[in-house]
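K.L.:
One file: work16.txt (compact mmCIF, C-alpha atoms).
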# COMPACT_ATOMS: atom_id res chain seq x y z
CA MET A 1 -57.12 99.20 244.41
CA GLU A 2 -56.49 102.00 241.95
CA ALA A 3 -52.94 103.19 241.32
CA ASN A 4 -53.74 106.61 242.73
CA ASP A 5 -55.18 105.19 245.95
CA ILE A 6 -52.05 103.12 246.39
CA ILE A 7 -49.87 106.18 245.94
CA LEU A 8 -51.94 108.28 248.35
CA SER A 9 -52.10 105.56 251.01
CA GLY A 10 -48.46 106.02 252.08
CA ILE A 11 -47.61 102.35 251.73
CA LEU A 12 -44.87 103.18 249.21
CA GLU A 13 -43.22 105.48 251.75
CA LEU A 14 -43.25 102.72 254.35
CA TYR A 15 -41.67 100.40 251.81
CA ALA A 16 -38.94 102.88 250.89
CA THR A 17 -38.09 103.69 254.50
CA GLY A 18 -37.99 100.03 255.41
CA SER A 19 -40.85 100.17 257.91
CA ALA A 20 -43.38 98.19 255.89
CA SER A 21 -44.52 94.83 257.18
CA ALA A 22 -43.59 91.66 255.31
CA GLN A 23 -47.11 91.51 253.91
CA GLU A 24 -46.93 95.13 252.70
CA VAL A 25 -43.56 94.51 251.07
CA VAL A 26 -45.11 91.78 248.93
CA LEU A 27 -48.07 94.04 248.09
CA VAL A 28 -45.89 97.00 247.06
CA GLN A 29 -43.78 94.82 244.81
CA LYS A 30 -46.94 93.46 243.22
CA TYR A 31 -48.43 96.94 242.70
CA ALA A 32 -45.19 98.32 241.28
CA ALA A 33 -45.10 95.52 238.72
CA GLN A 34 -48.77 96.07 237.90
CA TYR A 35 -49.01 99.88 237.70
CA PRO A 36 -46.29 101.94 236.02
CA GLU A 37 -47.45 105.07 237.93
CA VAL A 38 -46.86 103.24 241.20
CA ALA A 39 -43.41 102.10 240.09
CA GLU A 40 -42.59 105.66 239.05
CA GLU A 41 -43.75 107.17 242.34
CA LEU A 42 -41.88 104.49 244.27
CA ALA A 43 -38.67 105.27 242.36
CA LYS A 44 -39.14 108.97 243.21
CA ILE A 45 -39.54 108.21 246.90
CA GLU A 46 -36.51 105.93 246.80
CA ILE A 47 -34.45 108.72 245.26
CA ASP A 48 -35.71 111.15 247.93
CA MET A 49 -34.61 108.72 250.60
CA GLU A 50 -31.25 108.12 248.93
CA ARG A 51 -30.59 111.84 248.94
CA TYR A 52 -31.73 112.05 252.54
CA ALA A 53 -29.37 109.22 253.49
CA ASN A 54 -26.51 110.88 251.59
CA ALA A 55 -27.09 114.17 253.36
CA TYR A 56 -26.16 112.45 256.64
CA ALA A 57 -23.50 110.16 255.24
CA VAL A 58 -20.52 109.50 257.48
CA GLN A 59 -17.28 108.36 255.90
CA PRO A 60 -16.23 105.06 257.48
CA ASP A 61 -12.62 104.49 258.45
CA ALA A 62 -10.41 103.74 255.43
CA SER A 63 -9.53 100.33 256.91
CA VAL A 64 -13.11 99.12 256.27
CA LYS A 65 -12.62 99.35 252.53
CA VAL A 66 -9.26 97.61 252.75
CA LYS A 67 -10.77 94.73 254.73
CA ILE A 68 -13.74 94.34 252.39
CA PHE A 69 -11.54 94.16 249.32
CA ALA A 70 -9.13 91.82 251.03
CA ARG A 71 -12.08 89.53 251.71
CA ILE A 72 -13.71 89.63 248.30
CA ASN A 73 -10.34 89.12 246.66
CA ASN A 74 -9.99 85.97 248.69
CA GLU A 75 -11.92 83.29 246.80
CA ALA A 76 -12.33 81.15 249.91
CA ASP A 77 -14.55 83.78 251.40
CA LYS A 78 -17.11 83.21 248.68
CA VAL A 79 -17.54 79.55 249.56
CA ILE A 80 -18.21 80.11 253.22
CA PRO A 81 -21.32 82.22 253.54
CA PHE A 82 -21.39 84.70 256.34
CA VAL A 83 -23.40 83.44 259.31
CA VAL A 84 -24.41 86.16 261.70
CA GLY A 85 -24.54 84.02 264.83
CA ASN A 86 -21.04 82.68 264.38
CA ILE A 87 -19.38 86.01 264.61
CA LYS A 88 -19.50 87.37 268.08
CA LYS A 89 -16.92 90.04 267.78
CA PRO A 90 -16.64 90.94 264.13
CA ALA A 91 -13.85 93.34 264.83
CA LYS A 92 -11.69 90.47 266.04
CA VAL A 93 -12.33 88.15 263.09
CA ILE A 94 -9.51 89.53 261.05
CA GLY A 95 -7.37 89.96 264.12
CA ILE A 96 -5.18 92.64 262.63
CA PRO A 97 -3.61 94.85 265.28
CA ALA A 98 -4.41 98.53 264.95
CA TYR A 99 -0.87 99.52 263.96
CA TRP A 100 -1.00 97.09 261.05
CA LYS A 101 -4.23 98.69 259.92
CA TYR A 102 -2.54 102.05 259.94
CA ALA A 103 0.50 100.59 258.25
CA ALA A 104 -1.71 99.05 255.56
CA VAL A 105 -3.58 102.29 255.06
CA ALA A 106 -0.31 104.21 254.92
CA ALA A 107 1.18 101.69 252.48
CA ILE A 108 -1.85 101.90 250.24
CA PHE A 109 -1.81 105.65 250.43
CA LEU A 110 1.87 105.74 249.52
CA PHE A 111 1.34 103.29 246.69
CA LEU A 112 -1.55 105.30 245.26
CA SER A 113 0.35 108.56 245.66
CA SER A 114 3.33 107.12 243.84
CA LEU A 115 1.05 105.69 241.18
CA ALA A 116 -0.63 109.05 240.69
CA PHE A 117 2.76 110.75 240.67
CA ASN A 118 4.02 108.35 238.04
CA VAL A 119 0.97 108.80 235.86
CA VAL A 120 1.39 112.55 236.04
CA GLN A 121 5.12 112.26 235.34
CA TYR A 122 4.48 109.90 232.45
CA ASN A 123 1.99 112.33 230.94
CA ASN A 124 4.30 115.27 231.52
CA ASN A 125 7.14 113.34 229.92
CA ASP A 126 4.98 112.58 226.91
CA VAL A 127 4.09 116.22 226.48
CA ALA A 128 7.71 117.23 226.93
CA THR A 129 8.85 114.74 224.27
CA GLN A 130 6.29 116.08 221.84
CA LYS A 131 7.35 119.63 222.53
CA LEU A 132 11.01 118.69 222.08
CA GLN A 133 10.29 117.04 218.72
CA GLN A 134 8.35 120.10 217.62
CA THR A 135 11.20 122.36 218.66
CA GLN A 136 13.75 120.16 216.89
CA LYS A 137 11.70 120.35 213.68
CA GLU A 138 11.48 124.11 213.94
CA LEU A 139 15.18 124.28 214.62
CA ALA A 140 15.98 122.16 211.53
CA VAL A 141 13.88 124.50 209.38
CA LEU A 142 15.62 127.52 210.86
CA LYS A 143 19.02 125.91 210.34
CA ASP A 144 18.21 125.31 206.67
CA ASP A 145 17.04 128.89 206.33
CA ASN A 146 20.21 130.02 208.00
CA LYS A 147 22.40 127.96 205.63
CA VAL A 148 20.70 129.58 202.67
CA MET A 149 21.14 132.96 204.24
CA GLU A 150 24.80 132.24 204.95
CA SER A 151 25.46 131.15 201.40
CA ASP A 152 23.64 134.26 200.17
CA MET A 153 25.69 136.44 202.48
CA SER A 154 28.94 134.78 201.42
CA VAL A 155 28.21 135.87 197.85
CA VAL A 156 27.32 139.41 198.89
CA GLN A 157 30.24 139.77 201.28
CA ASN A 158 32.83 138.15 199.01
CA LYS A 159 35.62 140.68 198.58
CA TYR A 160 35.72 140.00 194.82
CA SER A 161 31.98 140.46 194.50
CA VAL A 162 30.93 143.28 192.15
CA PRO A 163 27.29 144.17 192.50
CA VAL A 164 25.41 145.19 189.36
CA SER A 165 21.95 146.69 189.65
CA LEU A 166 19.55 145.79 186.89
CA HIS A 167 16.84 148.41 186.60
CA GLY A 168 13.29 148.10 185.43
CA LEU A 169 12.44 148.66 181.77
CA ASP A 170 9.16 149.43 180.02
CA ALA A 171 7.74 145.93 180.62
CA ALA A 172 8.04 146.38 184.40
CA PRO A 173 9.32 149.80 185.50
CA ASN A 174 9.34 148.83 189.18
CA ALA A 175 11.23 145.57 188.71
CA GLU A 176 14.78 145.34 190.05
CA ALA A 177 17.38 142.61 190.16
CA LYS A 178 20.96 142.43 191.38
CA ILE A 179 23.85 140.62 189.88
CA PHE A 180 26.88 139.70 191.91
CA TYR A 181 29.80 139.14 189.62
CA LEU A 182 32.87 137.59 191.20
CA LYS A 183 35.88 139.17 189.57
CA ASN A 184 38.33 136.44 190.50
CA THR A 185 36.34 133.44 189.28
CA GLY A 186 33.87 135.00 186.87
CA GLU A 187 30.95 133.40 188.72
CA VAL A 188 27.63 135.12 188.31
CA TYR A 189 24.90 135.21 190.98
CA ILE A 190 21.52 136.83 190.75
CA ASP A 191 19.20 138.07 193.46
CA PRO A 192 15.78 138.06 191.76
CA SER A 193 13.75 139.00 194.82
CA ASN A 194 12.42 142.22 193.33
CA LEU A 195 11.22 140.70 190.09
CA PRO A 196 7.45 140.27 189.77
CA ASP A 197 6.24 136.64 189.95
CA ALA A 198 6.62 134.99 186.56
CA PRO A 199 3.22 134.13 185.05
CA SER A 200 2.58 130.40 184.77
CA GLY A 201 4.20 128.77 181.76
CA LYS A 202 6.84 131.51 181.65
CA GLN A 203 10.19 131.93 183.37
CA TYR A 204 12.82 134.60 183.58
CA GLN A 205 16.05 134.06 181.70
CA LEU A 206 19.34 135.82 182.36
CA TRP A 207 21.44 137.10 179.54
CA GLY A 208 25.00 138.32 179.56
CA ILE A 209 25.94 140.74 176.84
CA VAL A 210 29.27 139.44 175.65
CA ASP A 211 30.91 141.24 172.74
CA GLY A 212 27.56 142.94 171.98
CA LYS A 213 25.70 139.65 171.76
CA PRO A 214 23.30 138.12 174.31
CA VAL A 215 24.51 134.83 175.79
CA SER A 216 22.13 132.82 177.97
CA GLY A 217 22.96 132.82 181.66
CA GLY A 218 20.28 130.24 182.48
CA MET A 219 16.78 130.23 183.86
CA ILE A 220 15.95 132.10 187.07
CA LEU A 221 13.70 130.37 189.57
CA THR A 222 10.94 132.62 190.81
CA SER A 223 7.92 130.37 190.75
CA LYS A 224 8.54 128.80 194.14
CA ARG A 225 8.47 131.45 196.76
CA GLY A 226 11.22 129.80 198.76
CA ASP A 227 13.53 129.91 195.79
CA LYS A 228 12.64 133.39 194.69
CA TYR A 229 14.44 135.00 197.55
CA ARG A 230 17.51 132.90 197.15
CA ILE A 231 20.53 134.27 195.46
CA GLN A 232 21.04 131.84 192.62
CA LYS A 233 24.24 130.85 190.88
CA MET A 234 24.00 131.37 187.11
CA LYS A 235 26.23 130.40 184.20
CA THR A 236 29.65 131.88 183.90
CA PHE A 237 30.18 134.16 180.92
CA GLY A 238 33.86 134.96 181.10
CA HIS A 239 33.50 138.68 180.73
CA ALA A 240 30.13 140.30 180.17
CA GLU A 241 29.59 143.97 179.51
CA ALA A 242 26.04 144.02 180.73
CA PHE A 243 23.27 141.81 182.09
CA ALA A 244 19.59 141.62 181.20
CA VAL A 245 16.58 139.55 182.21
CA THR A 246 13.82 138.64 179.80
CA LEU A 247 10.62 136.66 180.26
CA GLU A 248 10.79 133.52 178.14
CA SER A 249 9.00 130.22 177.82
CA GLU A 250 9.75 127.82 180.70
CA VAL A 251 12.35 125.84 178.78
CA GLY A 252 14.27 128.96 177.83
CA ASN A 253 15.54 130.19 174.47
CA THR A 254 18.91 130.35 172.81
CA SER A 255 18.37 134.01 172.03
CA PRO A 256 16.02 136.45 173.81
CA LYS A 257 12.51 136.53 172.33
CA GLY A 258 10.34 137.71 175.21
CA PRO A 259 10.10 141.20 176.75
CA MET A 260 13.09 142.56 178.61
CA PHE A 261 12.38 143.33 182.25
CA VAL A 262 15.60 144.65 183.74
CA MET A 263 19.02 145.56 182.53
CA GLY A 264 22.29 146.87 183.95
CA LYS A 265 25.84 147.46 182.87
CA LEU A 266 28.89 146.11 184.63
CA MET B 267 -8.72 102.39 244.80
CA GLN B 268 -10.74 105.47 244.10
CA ASN B 269 -12.82 104.83 241.02
CA LEU B 270 -13.33 107.91 238.90
CA ASN B 271 -15.81 106.41 236.47
CA LYS B 272 -19.43 107.30 236.66
CA TYR B 273 -22.04 104.68 236.01
CA SER B 274 -25.73 104.85 235.51
CA GLU B 275 -27.65 102.64 237.92
CA GLU B 276 -28.34 100.19 235.10
CA GLU B 277 -24.67 99.93 234.06
CA LEU B 278 -23.63 99.54 237.65
CA VAL B 279 -26.07 96.70 238.23
CA GLN B 280 -24.96 94.92 235.09
CA LEU B 281 -21.29 95.23 235.97
CA LEU B 282 -21.87 94.01 239.50
CA GLN B 283 -23.79 91.02 238.25
CA ASN B 284 -20.63 90.20 236.31
CA LYS B 285 -18.54 90.63 239.46
CA ASP B 286 -16.78 93.71 238.17
CA LYS B 287 -14.46 94.96 240.90
CA PRO B 288 -14.02 98.57 239.72
CA ALA B 289 -17.81 98.86 239.77
CA PHE B 290 -17.79 97.53 243.33
CA VAL B 291 -15.20 100.15 244.30
CA TYR B 292 -17.55 102.74 242.87
CA LEU B 293 -20.48 101.23 244.74
CA TYR B 294 -18.52 101.34 247.98
CA ASP B 295 -17.28 104.89 247.48
CA ASN B 296 -20.75 106.15 246.69
CA TYR B 297 -22.92 104.25 249.14
CA ALA B 298 -20.78 103.11 252.07
CA PRO B 299 -20.89 106.48 253.88
CA ALA B 300 -24.70 106.67 253.76
CA LEU B 301 -25.07 103.05 254.88
CA ASN B 302 -22.44 103.55 257.56
CA ASN B 303 -24.52 106.33 259.09
CA ILE B 304 -27.68 104.24 258.97
CA ILE B 305 -25.97 101.36 260.75
CA TYR B 306 -24.46 103.77 263.25
CA ARG B 307 -27.87 105.24 264.04
CA MET B 308 -29.08 101.74 264.86
CA VAL B 309 -26.13 100.43 266.86
CA GLU B 310 -24.73 103.74 268.16
CA ASP B 311 -21.20 102.39 268.20
CA VAL B 312 -18.70 103.59 265.60
CA SER B 313 -16.48 100.54 265.41
CA LEU B 314 -19.37 98.06 265.58
CA ALA B 315 -21.09 100.00 262.80
CA GLU B 316 -17.97 99.70 260.67
CA ASP B 317 -17.74 95.97 261.33
CA ILE B 318 -21.35 95.54 260.23
CA LEU B 319 -20.70 97.75 257.21
CA GLN B 320 -17.86 95.43 256.27
CA GLU B 321 -20.11 92.37 256.57
CA ALA B 322 -22.84 94.14 254.62
CA PHE B 323 -20.58 94.92 251.67
CA VAL B 324 -19.13 91.43 251.55
CA LYS B 325 -22.70 90.15 251.55
CA ILE B 326 -23.72 92.62 248.83
CA TRP B 327 -20.83 91.37 246.71
CA ASN B 328 -21.56 87.68 247.28
CA ASN B 329 -25.35 87.94 247.00
CA PHE B 330 -25.56 90.41 244.20
CA ALA B 331 -27.30 87.90 241.96
CA SER B 332 -30.32 88.09 244.26
CA TYR B 333 -30.87 91.78 243.54
CA ASP B 334 -33.95 92.18 241.38
CA LYS B 335 -34.24 95.64 239.89
CA SER B 336 -37.98 95.24 239.29
CA LYS B 337 -38.39 95.35 243.08
CA GLY B 338 -36.81 98.73 243.52
CA ARG B 339 -33.65 100.73 243.30
CA LEU B 340 -30.23 99.33 244.12
CA PHE B 341 -29.77 101.51 247.18
CA THR B 342 -33.09 100.39 248.66
CA TRP B 343 -32.01 96.79 248.27
CA MET B 344 -28.63 97.47 249.84
CA LEU B 345 -30.28 99.39 252.63
CA ASN B 346 -32.72 96.58 253.41
CA LEU B 347 -29.94 94.00 253.33
CA THR B 348 -27.81 96.16 255.60
CA ARG B 349 -30.65 96.92 257.96
CA ASN B 350 -31.64 93.26 258.29
CA LEU B 351 -28.04 92.32 258.89
CA THR B 352 -27.78 95.01 261.56
CA ILE B 353 -30.96 93.85 263.26
CA ASP B 354 -29.72 90.24 263.27
CA MET B 355 -26.41 91.40 264.68
CA MET B 356 -28.07 93.40 267.41
CA ARG B 357 -30.34 90.51 268.33
CA SER B 358 -27.44 88.13 268.55
CA LYS B 359 -25.70 90.56 270.84
CA GLY B 360 -28.79 91.24 272.90
CA TYR B 361 -28.60 94.87 271.89
CA LYS B 362 -31.30 97.28 272.89
CA LYS B 363 -32.17 100.24 270.74
CA GLN B 364 -31.82 102.73 273.56
CA SER B 365 -28.30 101.67 274.37
CA LYS B 366 -25.98 104.12 276.00
CA ILE B 367 -23.62 106.12 273.90
CA SER B 368 -20.31 107.03 275.39
CA GLY B 369 -19.13 110.60 275.11
CA ASP B 370 -16.13 109.48 273.09
CA GLU B 371 -18.23 107.87 270.46
CA ILE B 372 -20.36 110.93 270.03
CA SER B 373 -17.35 113.14 269.55
CA VAL B 374 -15.75 110.72 267.11
CA HIS B 375 -18.98 110.54 265.22
CA ASN B 376 -19.34 114.29 265.05
CA LEU B 377 -15.74 114.72 264.03
CA GLN B 378 -16.12 112.35 261.11
CA ASP B 379 -19.47 113.80 260.28
CA HIS B 380 -18.06 117.24 259.66
CA SER B 381 -14.51 116.74 258.52
CA ILE B 382 -14.73 113.91 256.02
CA SER B 383 -18.28 113.98 254.82
CA ILE B 384 -18.71 112.76 251.28
CA THR B 385 -17.90 115.19 248.54
CA LYS B 386 -20.31 113.77 245.98
CA PHE B 387 -22.65 116.64 246.55
CA ASP B 388 -23.19 119.44 248.97
CA SER B 389 -24.48 117.48 251.94
CA LEU B 390 -24.08 120.49 254.22
CA GLY B 391 -26.30 122.60 251.97
CA ILE B 392 -28.90 119.88 251.91
CA ARG B 393 -28.73 119.51 255.66
CA LYS B 394 -29.33 123.22 256.03
CA GLN B 395 -32.46 122.87 253.93
CA LEU B 396 -33.54 119.82 255.87
CA ALA B 397 -33.30 121.78 259.11
CA HIS B 398 -36.62 123.32 258.10
CA LEU B 399 -38.34 119.97 258.28
CA LYS B 400 -40.94 119.97 261.10
CA PRO B 401 -39.74 117.95 264.10
CA ASP B 402 -42.64 115.48 264.00
CA GLN B 403 -41.99 114.88 260.31
CA ARG B 404 -38.28 114.39 260.84
CA ILE B 405 -38.88 112.02 263.74
CA ILE B 406 -41.14 109.72 261.80
CA ILE B 407 -38.73 109.54 258.84
CA ASP B 408 -35.68 109.04 261.05
CA MET B 409 -37.32 106.40 263.22
CA ALA B 410 -38.15 104.34 260.18
CA TYR B 411 -35.19 105.04 257.97
CA PHE B 412 -32.29 105.59 260.33
CA ASN B 413 -33.34 103.64 263.39
CA GLY B 414 -35.08 100.72 261.70
CA TYR B 415 -38.33 100.94 263.64
CA THR B 416 -41.30 99.01 262.29
CA GLN B 417 -44.54 100.93 261.86
CA ASP B 418 -45.96 99.29 264.99
CA GLU B 419 -43.01 100.51 266.98
CA ILE B 420 -43.38 103.98 265.51
CA ALA B 421 -47.09 104.08 266.34
CA LYS B 422 -46.40 103.05 269.92
CA GLU B 423 -43.43 105.37 270.35
CA ILE B 424 -45.21 108.48 269.04
CA GLY B 425 -48.61 107.47 270.34
CA ILE B 426 -50.60 107.58 267.12
CA PRO B 427 -52.92 104.96 265.58
CA LEU B 428 -51.18 102.44 263.35
CA GLY B 429 -53.18 103.58 260.31
CA THR B 430 -51.91 107.14 260.74
CA VAL B 431 -48.26 106.14 260.37
CA LYS B 432 -48.65 105.62 256.61
CA THR B 433 -50.31 108.94 255.89
CA ARG B 434 -48.00 110.86 258.15
CA MET B 435 -44.98 109.21 256.55
CA ARG B 436 -46.26 110.23 253.12
CA THR B 437 -46.81 113.86 254.17
CA ALA B 438 -43.35 113.96 255.74
CA ILE B 439 -41.60 112.60 252.65
CA LEU B 440 -43.50 114.96 250.33
CA GLU B 441 -42.26 117.80 252.51
CA LEU B 442 -38.76 116.34 252.38
CA ARG B 443 -38.95 116.19 248.59
CA LYS B 444 -39.85 119.88 248.42
CA MET B 445 -36.79 120.73 250.49
CA LEU B 446 -34.49 118.55 248.44
CA GLN B 447 -35.69 120.31 245.31
CA HIS B 448 -34.54 123.64 246.72
CA THR B 449 -30.96 122.48 246.95
Take the structure from the file and write it as structure tokens.
P.N.:
Amino acid sequence: MEANDIILSGILELYATGSASAQEVVLVQKYAAQYPEVAEELAKIEIDMERYANAYAVQPDASVKVKIFARINNEADKVIPFVVGNIKKPAKVIGIPAYWKYAAVAAIFLFLSSLAFNVVQYNNNDVATQKLQQTQKELAVLKDDNKVMESDMSVVQNKYSVPVSLHGLDAAPNAEAKIFYLKNTGEVYIDPSNLPDAPSGKQYQLWGIVDGKPVSGGMILTSKRGDKYRIQKMKTFGHAEAFAVTLESEVGNTSPKGPMFVMGKL
Amino acid sequence: MQNLNKYSEEELVQLLQNKDKPAFVYLYDNYAPALNNIIYRMVEDVSLAEDILQEAFVKIWNNFASYDKSKGRLFTWMLNLTRNLTIDMMRSKGYKKQSKISGDEISVHNLQDHSISITKFDSLGIRKQLAHLKPDQRIIIDMAYFNGYTQDEIAKEIGIPLGTVKTRMRTAILELRKMLQHT
């Protein structure tokens, strides 16, 4: 018999619907092993029938599943094979009264609900913890920022603070800097936020003009953006007549050599 | 107990051969409703059908080693096992196929049929499509597949020659396939 004749005969359909005779069952299995086309067509018919069966599926009572799993979980059940004739009233074999079935179903339902609830809660908790950690990190950063700001403001708002504007010179006409000179202590602070970024290898240096001579007030940090906006404490001069900022090599100089950017008188 | 994994037929078979319980939960969730209906169509008694379904699944679990995938798909094997079990059960009880159905059982059946049908796919949509199947085609499929008639019984019941059952069954299933493709 050719594969195509087998397919056209309808024997595969009988096999898949379970109406084939014992003899035909053996034949179909032989053909399917012999001809791939037959096996393929048979699989198609089987899938058709599966879909047909599913279209009319009827959910059994939940207790059926409970009973089945109770039985397969019980090892003893494996040893004693099921004998059809021995069971006259299968419903009575287990002998569980109806209310116990409902109780079991209810208990399982409650257990699963609580399990699901816990899983959801656990996940939620996890997410919440992550969010909290994130927020705490952000808060720490903000707190640091705030501290800096507070210390900056304390300099600006200090009642002894004398602000000195340093204005741009030829090297950088738009540059500006501010000195805060504390009259009572002689401390000197600089706000370099309006100085252009120092080119690499160079750094700004503050000078105080004391008795007509420049005295170094220290290096001004502008390379790191975070530091640039900070009001920085510089060296104390005693009494300076004026302040100036020059661009020097990174290590600084004992006397100004680079171009002067800003200057202002006290 | 609901198993949310999805298995291919091959994976499922392998897992079940290794007595994997989650796979068996999946098997039950996916196939028990269809088998339940097939048993019900044969015995026409809701609680008896569920008892047989229970026996069938315990048997499927215990005898899984005897499933041979070269002989067909898993569902076909389960169906044949279930059908044979049902026939044995009916014989032992002296059941007749045209047994009476009480009004209660019909209503229970219908209730379950509509309210808790499986959600795996749109069975209602498919049923709508299948409503277009010609009555004589539906009858021959249902007699064989849902009621467990042999081809001799079908031939006698419908009054057609035995040889015609095969060809008519093929035509009917080809028609069925066309309708399933539209869903």
K.L.:
Would you list the contacts of region 417-419 of chain B as JSON, numbers by chain, taking every protein, DNA or RNA residue within 6 Å and counting only C-alpha atoms, but skipping same-chain residues closer than 3 positions in sequence?
P.N.:
{"A": [19], "B": [422, 423]}
K.L.:
Select all residues from chain B having any atom no more than 6 Å from an atom of chain A (counting all atoms listed in the file, ignoring ligands), output as number ranges by chain.
P.N.:
B: 299-300, 303, 317, 320, 337, 379, 383, 389, 410-411, 416-417, 432-433, 436
K.L.:
In file coordinates, which residues lie within 9 Å of (18.9, 144.4, 182.3) using all atoms listed in the file, given as a compact mmCIF listing (two decimals) with C-alpha atoms, in the coordinates of the input?
P.N.:
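For reference, selection-v3.txt as written:
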# COMPACT_ATOMS: atom_id res chain seq x y z
CA SER A 165 21.95 146.69 189.65
CA LEU A 166 19.55 145.79 186.89
CA HIS A 167 16.84 148.41 186.60
CA GLY A 168 13.29 148.10 185.43
CA LEU A 169 12.44 148.66 181.77
CA GLU A 176 14.78 145.34 190.05
CA ALA A 177 17.38 142.61 190.16
CA LEU A 206 19.34 135.82 182.36
CA TRP A 207 21.44 137.10 179.54
CA ALA A 242 26.04 144.02 180.73
CA PHE A 243 23.27 141.81 182.09
CA ALA A 244 19.59 141.62 181.20
CA VAL A 245 16.58 139.55 182.21
CA THR A 246 13.82 138.64 179.80
CA MET A 260 13.09 142.56 178.61
CA PHE A 261 12.38 143.33 182.25
CA VAL A 262 15.60 144.65 183.74
CA MET A 263 19.02 145.56 182.53
CA GLY A 264 22.29 146.87 183.95
CA LYS A 265 25.84 147.46 182.87
K.L.:
Quick one: distance from CA of Lys235 (chain A) to CA of Leu221 (chain A) in Å, one decimal?
P.N.:
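Computing the Euclidean distance for CA of Lys235 (chain A) and CA of Leu221 (chain A) yields 13.6 Å.
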K.L.:
Report, in Å with one decimal, the straight-line distance from CA of Met356 (chain B) to CA of Asn302 (chain B).
P.N.:
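Interatomic distance here is 15.2 Å.
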K.L.:
Please indicate the distance in Å from CA of Glu276 (chain B) to CA of Glu37 (chain A), rounded to one decimal place.
P.N.:
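Going from CA of Glu276 (chain B) over to CA of Glu37 (chain A), I get 19.9 Å.
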K.L.:
Compile the contact shell of Tyr297 (chain B) as a PyMOL selection string: residues with an atom at most 8 Å away, counting only C-alpha atoms, same-chain residues fewer than 4 positions apart removed.
P.N.:
(chain A and resi 54) or (chain B and resi 293+301+341)
K.L.:
Produce a file of the selected residues containing C-alpha atoms, as a PDB file, keeping the file's coordinate frame.
P.N.:
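For reference, selection_38.pdb as written:
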ATOM      1  CA  ASN A  54     -26.510 110.880 251.590  1.00  0.00           C
TER       2      ASN A  54
ATOM      3  CA  LEU B 293     -20.480 101.230 244.740  1.00  0.00           C
ATOM      4  CA  LEU B 301     -25.070 103.050 254.880  1.00  0.00           C
ATOM      5  CA  PHE B 341     -29.770 101.510 247.180  1.00  0.00           C
TER       6      PHE B 341
END
K.L.:
Nearest to Lys335 (chain B): which of B:Glu277, B:Phe323, B:Ser313, B:Ala289 is it, counting only C-alpha atoms?
P.N.:
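Going through B:Glu277, B:Phe323, B:Ser313, B:Ala289 one by one, the smallest distance to Lys335 (chain B) is for B:Glu277.
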K.L.:
How big is the axis-aligned box around all listed atoms of region 269-284 of chain B once 5 Å goes on each side, and where's its centre, in Å to one decimal, as AutoDock Vina command-line options?
P.N.:
--center_x -20.6 --center_y 99.1 --center_z 237.5 --size_x 25.5 --size_y 27.7 --size_z 17.0
K.L.:
Could you list as a list in words every residue that has an atom within 9 Å of (-35.0, 118.4, 249.2), using the file's coordinates and counting only C-alpha atoms?
P.N.:
Asp48, Arg51 and Tyr52 of chain A; Ile392, Gln395, Leu396, Glu441, Leu442, Arg443, Lys444, Met445, Leu446, Gln447, His448 and Thr449 of chain B
K.L.:
If you count all atoms listed in the file, which residues fall within 8 Å of Pro214 (chain A), apart from same-chain ones fewer than 3 positions away, as an MDAnalysis selection string?
P.N.:
chainID A and resid 207:210 255:256
K.L.:
Can you work out which one of A:Lys131, A:Lys147, A:Lys257, A:Lys137 has the shortest atom-to-atom distance to Arg230 (chain A), counting only C-alpha atoms?
P.N.:
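Between A:Lys131, A:Lys147, A:Lys257, A:Lys137, the residue approaching Arg230 (chain A) most closely is A:Lys147.
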K.L.:
Need a file for region 293-314 of chain B from that block: C-alpha atoms, written as a CSV table (one decimal), in the first residue's frame.
P.N.:
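What ended up in out15.csv:
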chain,number,residue,atom,x,y,z
B,293,LEU,CA,-1.1,17.4,32.3
B,294,TYR,CA,-4.1,17.3,34.5
B,295,ASP,CA,-4.9,21.0,34.1
B,296,ASN,CA,-4.6,20.8,30.3
B,297,TYR,CA,-6.2,17.5,29.5
B,298,ALA,CA,-8.6,16.5,32.4
B,299,PRO,CA,-11.5,18.7,31.2
B,300,ALA,CA,-11.4,17.3,27.7
B,301,LEU,CA,-11.2,13.7,28.9
B,302,ASN,CA,-13.9,14.4,31.5
B,303,ASN,CA,-16.3,15.4,28.8
B,304,ILE,CA,-15.4,12.3,26.7
B,305,ILE,CA,-16.1,10.0,29.7
B,306,TYR,CA,-19.3,11.9,30.5
B,307,ARG,CA,-20.5,11.4,26.9
B,308,MET,CA,-20.0,7.7,27.4
B,309,VAL,CA,-21.5,7.2,30.9
B,310,GLU,CA,-23.8,10.2,31.0
B,311,ASP,CA,-23.4,10.6,34.7
B,312,VAL,CA,-21.4,13.5,36.1
B,313,SER,CA,-20.1,11.9,39.3
B,314,LEU,CA,-19.4,8.5,37.7
